[in-house]
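Notes follow the structure.
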Amino acid sequence: MRLNIIIGGKAGQGINKVSQIVANVLSEFGYFTFNYRDYQSLIRGGHNFNVLSISDTPIESHESKADILVALDDRTIQTHKQALKKNGVTILGDQFKDLGRNLNIALSGALIKILGIPIQELEKEIKSQFKEHTEAIAAAKQGFESQKKISDLKKLDNKISISSGSKAVAEGARNSGLDLYIAYPMTPATNAMHELAKNQIENNLMMFQAESEISAISMSLGASFAGAKTMTGTSGGGFDLMSESLSLQGQSEIPLTVYLASRVGPATGVPTYTAQSDLDIALRAGHGEFPRIVVAPSNPTETIEKTSEALYLAEKFKTLSILLSDKHLAESEFSTTEQPAKTPKFKIDRKVPGQTIIKASSYEVDKFGNSTESYTLTEDNTNKRIDKYKQAKKFIEKNYDMIKIHGDKNSKNLIIGWGSTTGAIKDAIKDLDTKFLQVLYCKPLSPQIKKELQKADKVILVECNVTGQLGRLIREKTGIKIENRLLKYNGRPFHSDELKKYLEEIL
Amino acid sequence: MTNLKTNSEITWCPGCPNHMILEAVKQTITRSKIDQKQFAITTDIGCHAKMFDYLNLSGIYCLHGRAIPTAIGMKLGNPNLKVLAFAGDGAAYAEGIAHFIHAFKYNADMTLILHDNQSFSLTTGQPTPTSQQGYESKASPLGTQDKPFNPIKLALASNATFIARTNAKDIPHMISTFSKAIAHKGFSFVEVIQDCLIFNLDANNKDKLMYKIKDNSDKKIAEKLADQFNYNSKSGKIPLGIIYKSDEKSLAEKWPQLKKLLNSKTNWQQK
């Protein structure tokens, strides 16, 4: 069973409220939801919409065709009428305009009725959200009574939780005992910053907003050197500014984790939309040659796990960990019954100032930590850094999921993808004769990938960028060129039904 | 016992005032009676920054322009550290100017020692934001046409809580000024006027313009003192000493999380 609801209107009309309330009711009722948020770079007006996808089995994507269209303005109808299925239902917000701020509650009531869920489920949700709820419940009833059911959902026995990639970054960081998050606002990394700023005192951590990304990463290195578990985060443009200090991390070996949430570039590009086009800079930004780890989770559960792994590895190998995400993962709301794996716990036990004399430098150094221009030390220290990477690689290969295999494990067809595109691929291949290899660690890259490529008859690369960045990386590491590529680069993630159609044409 | 010496070969030019600044820093730290392990320094990039190799203190030898934010980061990472940042006029006023201004706003309890010789000397003498008009260098053969800006006035406008100026040729005055700066609870900015013996020689020997003032905490007077020297001509007067001092909450006093670490004398890992 799969239903899709488009909820559209102007920014500020509260479309997120409707999708959030309905998603909460559905998850309490045992149904899986996926909420895609499509919004413009403005605060009031324009056209924003959410696609709330519903299923009785796990899903991590939305579809292109809608069963229900909730329109808070005329533009929503004009924009989305093509997407509405033949027998689709339209609910107009206008009919509840007298309800003021309870309009969204009435629309939630209308949706609940159409789906065939008892009104009591919505009342429970309203009571948990609002102290003063008499008017809200009346609005919910008014909405409920305005519609006819088209579906009859039965209560399911799933224990479901809802989260976004941004919330998951914060959760993973807290699980690892993060002390400091130092950042400068930039969509779509900002929500992780907000999550960590919230309740920071109770969580025994601090979120500090610096005057620029250059300052944020410089401060992060200073703080980490001083003995705090530190993380910074940004999007592509801010990451560009941070590049010089990525290189300083390589030389100084001060542990550092950077959260990079991509959006559409180059430059300001399409700032509130999604792209997987920053894998190249995650892998290569910064002058000189130095080790780094790049890990790209695909959903909140993996994000919680990989954030903790990134922090742990940065400290253990005194290296740079880059946690790579994008707008689609950061800001979509996923539902799951899965629990993240146990967090690798750690204490900082390296030498820190205040307790001893310890130096870190942007220069090549001698055994005292002071500058040197010696050719032997330059070569030796370079070898040590490269050796450190080999050790980190070995450790990751032994301890962490570097790839995941989904779909039909015996199929001769192989799809390769990563990050936020994973959800749409997983949902698209449910009835197809194919295996799907999801890459989690982009650096180091799993040796398993080459073996899988060699076993497959037909290989298809799926990414949200124009040059096939993961494909190029795989070719660099394995010598194998993936000929079939499904690349999307209009700022919108794949719909699973759309992707399925494309895959069927190739398979 | 305090031992600040390192094994590194000192590579400043013979006679460079940096030797005297180094000596004054060493004596300030020794006289402070603070355990040398409690100090952490940052240095920028430039001649001044070689200080890093010559001081047996914890610290980070930073990237160009970033000595100030890295030092503030150390105070976020452990507010109990005694942090000194060293920067040059090129580093702090050109590449790192945004950090210089914001440092006064954050008011972290640390000290910035700013070596101003009105020249980018380690890169062979290009003009900096405080070079005088007409300065001819390999990068400015026509003579730089820009008027220098006045960092003391900029600091005042940015709500600095401690601004001082001293002379690299006067070790006792440097020690007394550095000591007061370290004792100040907030961001203390000390400008050290220094000659370069190789580049921008016209800017040298301003000693005859210098005079010592009493510690000042009056903003109006501070503004007048700041106006007495414009970095452009040698006709003004150059006041030395505490040009302005006021009490404001420091970074760690503004953040409950840091205040807790400060009060309990612990770091984040012991929280």
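If you're wondering about the labels, chains in the structure tokens are A, B, ... by order shown, residues count from 1 in each chain, ligands from 1 in order shown.
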
Name all residues at most 9 Å from Gln118 in chain B (count only C-alpha atoms; drop same-chain ones fewer than 5 positions away) and give them as a PyMOL selection string.
chain B and resi 88-90+127-132+193-196+200+203+231

Just N, CA and C atoms for this one: save the residues we selected as a compact mmCIF listing (two decimals), in the first residue's frame.
```txt
# COMPACT_ATOMS: atom_id res chain seq x y z
N GLY B 88 51.15 39.79 13.21
CA GLY B 88 51.78 40.97 12.63
C GLY B 88 50.74 41.90 12.06
N ASP B 89 51.17 43.08 11.59
CA ASP B 89 50.21 44.04 11.03
C ASP B 89 49.63 43.53 9.71
N GLY B 90 50.40 42.75 8.97
CA GLY B 90 49.85 42.17 7.74
C GLY B 90 48.81 41.12 8.10
N PRO B 127 53.54 46.50 1.06
CA PRO B 127 52.83 47.36 2.02
C PRO B 127 51.72 46.62 2.77
N THR B 128 51.50 46.98 4.02
CA THR B 128 50.41 46.42 4.83
C THR B 128 49.37 47.53 5.05
N PRO B 129 48.27 47.22 5.73
CA PRO B 129 47.25 48.26 5.98
C PRO B 129 47.77 49.43 6.84
N THR B 130 48.90 49.26 7.52
CA THR B 130 49.41 50.40 8.30
C THR B 130 50.67 51.03 7.68
N SER B 131 51.03 50.62 6.46
CA SER B 131 52.17 51.29 5.80
C SER B 131 51.79 52.72 5.45
N GLN B 132 52.77 53.61 5.49
CA GLN B 132 52.52 55.01 5.18
C GLN B 132 52.32 55.23 3.69
N ILE B 193 55.15 48.71 18.67
CA ILE B 193 55.74 49.41 17.53
C ILE B 193 57.17 48.93 17.36
N GLN B 194 57.48 48.49 16.15
CA GLN B 194 58.75 47.84 15.94
C GLN B 194 59.34 48.27 14.61
N ASP B 195 60.63 48.42 14.55
CA ASP B 195 61.31 48.75 13.29
C ASP B 195 61.60 47.46 12.53
N CYS B 196 61.69 47.58 11.20
CA CYS B 196 62.26 46.50 10.40
C CYS B 196 63.56 47.04 9.82
N ASN B 200 60.96 48.93 4.46
CA ASN B 200 60.23 50.13 4.90
C ASN B 200 61.02 50.91 5.97
N ALA B 203 59.75 54.08 7.84
CA ALA B 203 58.82 54.02 8.98
C ALA B 203 59.55 53.87 10.30
N TYR B 231 49.88 56.87 11.79
CA TYR B 231 50.66 55.83 11.08
C TYR B 231 51.18 56.32 9.72
```

Would you give me, as a list in words, the residues in range 78-121 of chain B that DSSP reads as strand (DSSP E or B)?
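Of range 78-121 of chain B, the ones in strand (DSSP E or B) are Lys82, Val83, Leu84, Ala85, Phe86, Ala87, Gly88, Met110, Thr111, Leu112, Ile113, Leu114, His115, Asp116 and Phe120 of chain B.
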
Please determine the contact residues of chain A with respect to chain B at a cut-off of 8 Å, counting only C-alpha atoms, and supply them as a CSV table (one decimal) with N, CA and C atoms, in the first residue's frame.
```csv
chain,number,residue,atom,x,y,z
A,179,ASP,N,31.4,18.2,22.7
A,179,ASP,CA,31.5,19.3,23.6
A,179,ASP,C,31.1,20.6,22.9
A,180,LEU,N,31.7,20.8,21.7
A,180,LEU,CA,31.5,22.0,21.0
A,180,LEU,C,31.1,21.8,19.5
A,201,ILE,N,22.6,23.5,27.3
A,201,ILE,CA,23.0,23.4,28.7
A,201,ILE,C,22.7,22.0,29.3
A,204,ASN,N,24.9,19.5,28.0
A,204,ASN,CA,26.3,19.6,28.4
A,204,ASN,C,27.2,19.8,27.2
A,205,LEU,N,26.8,20.7,26.3
A,205,LEU,CA,27.6,21.0,25.2
A,205,LEU,C,27.4,22.5,24.9
A,206,MET,N,28.1,23.0,23.9
A,206,MET,CA,28.0,24.4,23.5
A,206,MET,C,27.9,24.5,22.0
A,211,GLU,N,32.1,34.2,13.3
A,211,GLU,CA,31.8,35.3,12.3
A,211,GLU,C,32.0,34.9,10.9
A,215,SER,N,36.6,31.4,10.4
A,215,SER,CA,36.7,31.5,11.8
A,215,SER,C,36.2,30.2,12.5
A,216,ALA,N,35.1,29.7,12.0
A,216,ALA,CA,34.5,28.5,12.7
A,216,ALA,C,35.5,27.4,12.7
A,218,SER,N,38.8,27.6,12.2
A,218,SER,CA,40.0,27.9,13.0
A,218,SER,C,39.7,27.7,14.5
A,219,MET,N,38.6,28.2,14.9
A,219,MET,CA,38.2,28.0,16.3
A,219,MET,C,38.1,26.5,16.7
A,220,SER,N,37.5,25.8,15.7
A,220,SER,CA,37.3,24.3,16.0
A,220,SER,C,38.7,23.7,16.2
A,221,LEU,N,39.7,24.0,15.4
A,221,LEU,CA,41.0,23.4,15.6
A,221,LEU,C,41.6,23.9,16.9
A,222,GLY,N,41.4,25.1,17.3
A,222,GLY,CA,41.9,25.6,18.6
A,222,GLY,C,41.3,24.9,19.7
A,223,ALA,N,40.0,24.7,19.6
A,223,ALA,CA,39.2,24.0,20.7
A,223,ALA,C,39.6,22.6,20.8
A,224,SER,N,39.7,21.9,19.7
A,224,SER,CA,40.1,20.5,19.7
A,224,SER,C,41.5,20.3,20.3
A,225,PHE,N,42.4,21.2,19.9
A,225,PHE,CA,43.7,21.2,20.4
A,225,PHE,C,43.7,21.3,21.9
A,226,ALA,N,42.8,22.2,22.4
A,226,ALA,CA,42.7,22.4,23.9
A,226,ALA,C,42.1,21.2,24.6
A,227,GLY,N,41.5,20.3,23.9
A,227,GLY,CA,41.0,19.1,24.6
A,227,GLY,C,39.5,18.9,24.5
A,228,ALA,N,38.8,19.6,23.7
A,228,ALA,CA,37.4,19.4,23.6
A,228,ALA,C,37.0,18.6,22.3
A,244,GLU,N,41.5,25.9,3.5
A,244,GLU,CA,42.8,26.1,4.0
A,244,GLU,C,43.1,25.4,5.4
A,245,SER,N,42.0,25.4,6.2
A,245,SER,CA,42.2,24.8,7.5
A,245,SER,C,42.0,23.3,7.5
A,248,LEU,N,45.4,22.6,7.2
A,248,LEU,CA,46.1,22.7,8.5
A,248,LEU,C,45.9,21.5,9.3
A,347,LYS,N,37.2,8.8,25.2
A,347,LYS,CA,37.6,9.9,26.0
A,347,LYS,C,38.8,10.5,25.3
A,348,ILE,N,39.1,11.8,25.4
A,348,ILE,CA,40.3,12.3,24.8
A,348,ILE,C,41.5,12.0,25.8
A,353,PRO,N,47.1,21.0,26.3
A,353,PRO,CA,47.7,22.1,27.0
A,353,PRO,C,47.0,22.3,28.4
A,354,GLY,N,47.7,22.8,29.3
A,354,GLY,CA,47.2,22.9,30.7
A,354,GLY,C,47.7,21.8,31.5
A,355,GLN,N,48.0,20.7,30.9
A,355,GLN,CA,48.5,19.5,31.7
A,355,GLN,C,50.0,19.3,31.3
A,356,THR,N,50.3,19.7,30.1
A,356,THR,CA,51.7,19.4,29.6
A,356,THR,C,52.0,20.4,28.6
A,357,ILE,N,53.2,20.4,28.0
A,357,ILE,CA,53.5,21.3,26.9
A,357,ILE,C,53.4,20.5,25.6
A,358,ILE,N,52.5,21.0,24.8
A,358,ILE,CA,52.3,20.3,23.5
A,358,ILE,C,52.1,21.3,22.4
A,359,LYS,N,52.8,21.0,21.3
A,359,LYS,CA,52.7,21.9,20.1
A,359,LYS,C,52.1,21.3,18.9
A,360,ALA,N,51.4,22.1,18.1
A,360,ALA,CA,50.8,21.7,16.9
A,360,ALA,C,51.2,22.8,15.9
A,361,SER,N,51.4,22.5,14.6
A,361,SER,CA,51.9,23.5,13.7
A,361,SER,C,51.4,23.4,12.3
A,362,SER,N,51.4,24.5,11.6
A,362,SER,CA,51.1,24.5,10.2
A,362,SER,C,52.3,24.2,9.4
A,363,TYR,N,53.5,24.3,10.0
A,363,TYR,CA,54.8,24.0,9.4
A,363,TYR,C,55.1,22.5,9.6
A,370,ASN,N,58.7,21.9,16.7
A,370,ASN,CA,59.1,23.2,16.1
A,370,ASN,C,59.4,23.1,14.6
A,371,SER,N,59.4,24.2,13.9
A,371,SER,CA,59.5,24.2,12.5
A,371,SER,C,60.8,23.6,12.0
```

For Tyr502 in chain A: contacts at 12 Å, only C-alpha atoms, fewer than 2 positions along chain excluded, given as a PDB file with N, CA and C atoms, in the first residue's frame:
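Generated output (result.pdb):
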```
ATOM      1  N   ILE A 425      16.382   4.575  -4.539  1.00  0.00           N
ATOM      2  CA  ILE A 425      16.819   3.334  -5.207  1.00  0.00           C
ATOM      3  C   ILE A 425      16.222   2.114  -4.492  1.00  0.00           C
ATOM      4  N   ALA A 428      12.672   1.824  -5.384  1.00  0.00           N
ATOM      5  CA  ALA A 428      12.418   1.586  -6.815  1.00  0.00           C
ATOM      6  C   ALA A 428      12.663   0.132  -7.205  1.00  0.00           C
ATOM      7  N   ILE A 429      13.600  -0.532  -6.532  1.00  0.00           N
ATOM      8  CA  ILE A 429      14.008  -1.876  -6.987  1.00  0.00           C
ATOM      9  C   ILE A 429      13.230  -3.013  -6.312  1.00  0.00           C
ATOM     10  N   LEU A 432      12.234  -5.412  -8.855  1.00  0.00           N
ATOM     11  CA  LEU A 432      13.122  -5.546 -10.017  1.00  0.00           C
ATOM     12  C   LEU A 432      14.206  -6.598  -9.774  1.00  0.00           C
ATOM     13  N   ILE A 460      24.608  -0.170 -13.259  1.00  0.00           N
ATOM     14  CA  ILE A 460      23.996   1.160 -13.472  1.00  0.00           C
ATOM     15  C   ILE A 460      24.382   2.071 -12.299  1.00  0.00           C
ATOM     16  N   LEU A 461      24.886   3.233 -12.637  1.00  0.00           N
ATOM     17  CA  LEU A 461      25.244   4.229 -11.620  1.00  0.00           C
ATOM     18  C   LEU A 461      24.084   5.213 -11.471  1.00  0.00           C
ATOM     19  N   VAL A 462      23.677   5.471 -10.224  1.00  0.00           N
ATOM     20  CA  VAL A 462      22.594   6.443  -9.983  1.00  0.00           C
ATOM     21  C   VAL A 462      23.097   7.515  -9.020  1.00  0.00           C
ATOM     22  N   ASN A 484      26.493   2.629 -17.796  1.00  0.00           N
ATOM     23  CA  ASN A 484      25.098   3.080 -17.640  1.00  0.00           C
ATOM     24  C   ASN A 484      24.991   4.055 -16.485  1.00  0.00           C
ATOM     25  N   ARG A 485      24.540   5.266 -16.786  1.00  0.00           N
ATOM     26  CA  ARG A 485      24.446   6.258 -15.706  1.00  0.00           C
ATOM     27  C   ARG A 485      23.079   6.934 -15.722  1.00  0.00           C
ATOM     28  N   LEU A 486      22.440   6.953 -14.548  1.00  0.00           N
ATOM     29  CA  LEU A 486      21.204   7.713 -14.389  1.00  0.00           C
ATOM     30  C   LEU A 486      21.534   8.882 -13.487  1.00  0.00           C
ATOM     31  N   LEU A 487      21.661  10.045 -14.079  1.00  0.00           N
ATOM     32  CA  LEU A 487      22.080  11.210 -13.310  1.00  0.00           C
ATOM     33  C   LEU A 487      20.990  12.274 -13.327  1.00  0.00           C
ATOM     34  N   LYS A 488      20.677  12.783 -12.169  1.00  0.00           N
ATOM     35  CA  LYS A 488      19.660  13.838 -12.075  1.00  0.00           C
ATOM     36  C   LYS A 488      20.308  15.064 -11.456  1.00  0.00           C
ATOM     37  N   PHE A 494      15.454  12.072  -6.825  1.00  0.00           N
ATOM     38  CA  PHE A 494      14.667  11.109  -7.596  1.00  0.00           C
ATOM     39  C   PHE A 494      13.367  10.785  -6.866  1.00  0.00           C
ATOM     40  N   HIS A 495      12.261  10.686  -7.622  1.00  0.00           N
ATOM     41  CA  HIS A 495      11.039  10.047  -7.110  1.00  0.00           C
ATOM     42  C   HIS A 495      11.263   8.551  -7.332  1.00  0.00           C
ATOM     43  N   SER A 496      10.796   7.694  -6.427  1.00  0.00           N
ATOM     44  CA  SER A 496      11.084   6.269  -6.617  1.00  0.00           C
ATOM     45  C   SER A 496      10.355   5.692  -7.827  1.00  0.00           C
ATOM     46  N   ASP A 497       9.120   6.173  -8.112  1.00  0.00           N
ATOM     47  CA  ASP A 497       8.390   5.638  -9.279  1.00  0.00           C
ATOM     48  C   ASP A 497       9.057   6.062 -10.587  1.00  0.00           C
ATOM     49  N   GLU A 498       9.541   7.288 -10.607  1.00  0.00           N
ATOM     50  CA  GLU A 498      10.258   7.811 -11.777  1.00  0.00           C
ATOM     51  C   GLU A 498      11.535   6.999 -12.007  1.00  0.00           C
ATOM     52  N   LEU A 499      12.256   6.747 -10.936  1.00  0.00           N
ATOM     53  CA  LEU A 499      13.509   6.004 -11.034  1.00  0.00           C
ATOM     54  C   LEU A 499      13.258   4.571 -11.499  1.00  0.00           C
ATOM     55  N   LYS A 500      12.181   3.979 -10.993  1.00  0.00           N
ATOM     56  CA  LYS A 500      11.849   2.601 -11.370  1.00  0.00           C
ATOM     57  C   LYS A 500      11.651   2.496 -12.880  1.00  0.00           C
ATOM     58  N   GLU A 504      13.870   0.223 -15.379  1.00  0.00           N
ATOM     59  CA  GLU A 504      13.245  -0.829 -16.188  1.00  0.00           C
ATOM     60  C   GLU A 504      13.667  -0.722 -17.659  1.00  0.00           C
ATOM     61  N   GLU A 505      13.853   0.509 -18.130  1.00  0.00           N
ATOM     62  CA  GLU A 505      14.281   0.707 -19.519  1.00  0.00           C
ATOM     63  C   GLU A 505      15.677   0.131 -19.772  1.00  0.00           C
ATOM     64  N   ILE A 506      16.537   0.196 -18.759  1.00  0.00           N
ATOM     65  CA  ILE A 506      17.914  -0.289 -18.934  1.00  0.00           C
ATOM     66  C   ILE A 506      18.039  -1.781 -18.656  1.00  0.00           C
ATOM     67  N   LEU A 507      17.309  -2.253 -17.624  1.00  0.00           N
ATOM     68  CA  LEU A 507      17.483  -3.659 -17.191  1.00  0.00           C
ATOM     69  C   LEU A 507      16.887  -4.652 -18.192  1.00  0.00           C
TER      70      LEU A 507
END
```

Shell of 8 Å around Ser55 in chain A, only C-alpha atoms, local chain residues under 4 positions omitted, as a PyMOL selection string:
chain A and resi 1-3+31-33+59

Could you take the residues named above and write them with C-alpha atoms, as a short mmCIF file (atom, residue, chain, number, x, y, z; two decimals), in the first residue's frame?
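Written output follows (result-v4.cif):
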```cif
data_model
loop_
_atom_site.label_atom_id
_atom_site.label_comp_id
_atom_site.auth_asym_id
_atom_site.auth_seq_id
_atom_site.Cartn_x
_atom_site.Cartn_y
_atom_site.Cartn_z
CA MET A 1 0.00 0.00 0.00
CA ARG A 2 1.38 3.41 -0.96
CA LEU A 3 -0.24 6.86 -0.90
CA TYR A 31 2.46 3.43 9.20
CA PHE A 32 5.74 4.46 7.59
CA THR A 33 6.00 7.98 6.18
CA ILE A 59 9.89 3.57 2.62
#
```

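Closest approach to Ser119 in chain B among B:Glu136, B:Asp170, B:Asp218, B:Asp247: B:Glu136, based on only C-alpha atoms.
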
Report as a list in words all protein, DNA and RNA residues lying within 9 Å of Ala173 in chain A, evaluated on only C-alpha atoms, omitting residues in the same chain fewer than 2 positions from it.
Ala168, Val169, Ala170, Glu171, Asn175, Ser176, Gly177, Leu178, Asp179, Leu196, Met231, Ile304, Thr307, Ser308 and Leu311 of chain A

Restricting the output to C-alpha atoms, write the selected residues as a short mmCIF file (atom, residue, chain, number, x, y, z; two decimals), in the first residue's frame.
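File produced: result27.cif:
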```cif
data_model
loop_
_atom_site.label_atom_id
_atom_site.label_comp_id
_atom_site.auth_asym_id
_atom_site.auth_seq_id
_atom_site.Cartn_x
_atom_site.Cartn_y
_atom_site.Cartn_z
CA ALA A 168 20.37 12.66 13.39
CA VAL A 169 23.66 14.57 13.10
CA ALA A 170 22.86 16.22 16.43
CA GLU A 171 21.86 12.90 18.00
CA ASN A 175 25.81 10.18 21.70
CA SER A 176 29.56 10.65 21.23
CA GLY A 177 29.74 13.29 23.96
CA LEU A 178 30.37 16.26 21.67
CA ASP A 179 31.51 19.32 23.62
CA LEU A 196 22.61 21.32 18.77
CA MET A 231 32.79 19.55 15.25
CA ILE A 304 23.50 8.79 13.86
CA THR A 307 28.43 10.87 12.89
CA SER A 308 29.69 8.93 15.90
CA LEU A 311 34.07 11.70 15.57
#
```

Which residues come within 12 Å of Gln27 in chain B, counting only C-alpha atoms, excluding same-chain residues fewer than 2 positions away, as a list in words?
Thr2, Asn3, Leu4, Lys5, Met20, Ile21, Leu22, Glu23, Ala24, Val25, Ile29, Thr30, Arg31, Ser32, Lys33, Ile34, Gln36, Leu55, Ile171, Pro172, His173, Met174, Ile175, Ser176, Thr177, Phe178 and Ser179 of chain B

Just want the 10 Å neighbourhood of Asp240 in chain A, counted on only C-alpha atoms, with same-chain residues fewer than 3 positions away dropped. Output as a ChimeraX atom specification.
/A:213-214,234-237,243-244,246,281-282,285-286

With distances taken over only C-alpha atoms, which of A:Gln276, A:Asn87, A:Thr422, A:Gln251 is nearest to Glu364 in chain A?
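Ranked by minimum distance to Glu364 in chain A, first place goes to A:Gln251.
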
Dump as CSV the rows for residues of range 109-179 of chain A within 12 Å of range 96-100 of chain A: closest atom pair and distance in Å with one decimal, only C-alpha atoms counted, ordered by chain and rising residue number.
```
residue,atom,partner,partner_atom,distance
A:Gly109,CA,A:Phe96,CA,11.2
A:Ala110,CA,A:Phe96,CA,10.6
A:Glu135,CA,A:Leu99,CA,9.0
A:Ala136,CA,A:Leu99,CA,9.1
A:Ile137,CA,A:Leu99,CA,11.6
A:Ala138,CA,A:Leu99,CA,9.8
A:Ala139,CA,A:Leu99,CA,7.1
A:Ala140,CA,A:Leu99,CA,10.4
A:Lys141,CA,A:Phe96,CA,11.7
A:Gln142,CA,A:Phe96,CA,8.6
A:Gly143,CA,A:Phe96,CA,7.9
A:Phe144,CA,A:Phe96,CA,11.6
A:Ser146,CA,A:Phe96,CA,10.0
```

Using the selection just defined, write its residues with N, CA and C atoms as a PDB file, in the first residue's frame.
```
ATOM      1  N   GLY A 109      -7.425  17.154   9.958  1.00  0.00           N
ATOM      2  CA  GLY A 109      -8.650  16.390  10.205  1.00  0.00           C
ATOM      3  C   GLY A 109      -9.213  15.835   8.903  1.00  0.00           C
ATOM      4  N   ALA A 110      -9.220  16.677   7.869  1.00  0.00           N
ATOM      5  CA  ALA A 110      -9.731  16.251   6.564  1.00  0.00           C
ATOM      6  C   ALA A 110      -8.916  15.077   6.026  1.00  0.00           C
ATOM      7  N   GLU A 135     -10.320  24.586  20.945  1.00  0.00           N
ATOM      8  CA  GLU A 135     -10.604  25.102  19.597  1.00  0.00           C
ATOM      9  C   GLU A 135      -9.958  24.236  18.527  1.00  0.00           C
ATOM     10  N   ALA A 136      -8.756  23.747  18.829  1.00  0.00           N
ATOM     11  CA  ALA A 136      -8.045  22.922  17.852  1.00  0.00           C
ATOM     12  C   ALA A 136      -8.814  21.634  17.588  1.00  0.00           C
ATOM     13  N   ILE A 137      -9.356  21.049  18.634  1.00  0.00           N
ATOM     14  CA  ILE A 137     -10.107  19.799  18.465  1.00  0.00           C
ATOM     15  C   ILE A 137     -11.399  20.046  17.684  1.00  0.00           C
ATOM     16  N   ALA A 138     -12.023  21.188  17.941  1.00  0.00           N
ATOM     17  CA  ALA A 138     -13.231  21.548  17.181  1.00  0.00           C
ATOM     18  C   ALA A 138     -12.878  21.704  15.697  1.00  0.00           C
ATOM     19  N   ALA A 139     -11.740  22.337  15.424  1.00  0.00           N
ATOM     20  CA  ALA A 139     -11.293  22.526  14.034  1.00  0.00           C
ATOM     21  C   ALA A 139     -11.004  21.178  13.384  1.00  0.00           C
ATOM     22  N   ALA A 140     -10.364  20.286  14.149  1.00  0.00           N
ATOM     23  CA  ALA A 140     -10.055  18.952  13.626  1.00  0.00           C
ATOM     24  C   ALA A 140     -11.343  18.240  13.228  1.00  0.00           C
ATOM     25  N   LYS A 141     -12.366  18.359  14.085  1.00  0.00           N
ATOM     26  CA  LYS A 141     -13.664  17.701  13.809  1.00  0.00           C
ATOM     27  C   LYS A 141     -14.306  18.286  12.564  1.00  0.00           C
ATOM     28  N   GLN A 142     -14.257  19.622  12.465  1.00  0.00           N
ATOM     29  CA  GLN A 142     -14.840  20.298  11.296  1.00  0.00           C
ATOM     30  C   GLN A 142     -14.177  19.791  10.011  1.00  0.00           C
ATOM     31  N   GLY A 143     -12.854  19.671  10.060  1.00  0.00           N
ATOM     32  CA  GLY A 143     -12.110  19.172   8.899  1.00  0.00           C
ATOM     33  C   GLY A 143     -12.490  17.720   8.610  1.00  0.00           C
ATOM     34  N   PHE A 144     -12.544  16.925   9.669  1.00  0.00           N
ATOM     35  CA  PHE A 144     -12.834  15.494   9.561  1.00  0.00           C
ATOM     36  C   PHE A 144     -14.194  15.281   8.886  1.00  0.00           C
ATOM     37  N   SER A 146     -15.789  17.194   6.929  1.00  0.00           N
ATOM     38  CA  SER A 146     -15.939  17.784   5.588  1.00  0.00           C
ATOM     39  C   SER A 146     -15.609  16.793   4.463  1.00  0.00           C
TER      40      SER A 146
END
```

Could you tell me how far CA of Ala11 in chain A sits from CA of Thr134 in chain A, in Å to one decimal place?
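Pair CA of Thr134 in chain A / CA of Ala11 in chain A returns 26.8 Å.
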
So, with only C-alpha atoms as the atoms that count, which of B:Ile10, B:Cys16, B:Leu122, B:Ile243 lies closest to Gly46 in chain B?
B:Leu122

Which is closest to Glu121 in chain A among A:Lys149, A:His328, A:Lys345, A:Lys155, if we use only C-alpha atoms?
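Closest to Glu121 in chain A of all the choices is A:Lys155.
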
Considering only alpha helix (DSSP H) as DSSP defines it on the backbone, what residues of range 245-437 of chain A qualify? List them as a PyMOL selection string.
chain A and resi 245-252+279-284+300-316+327-331+375-399+421-428
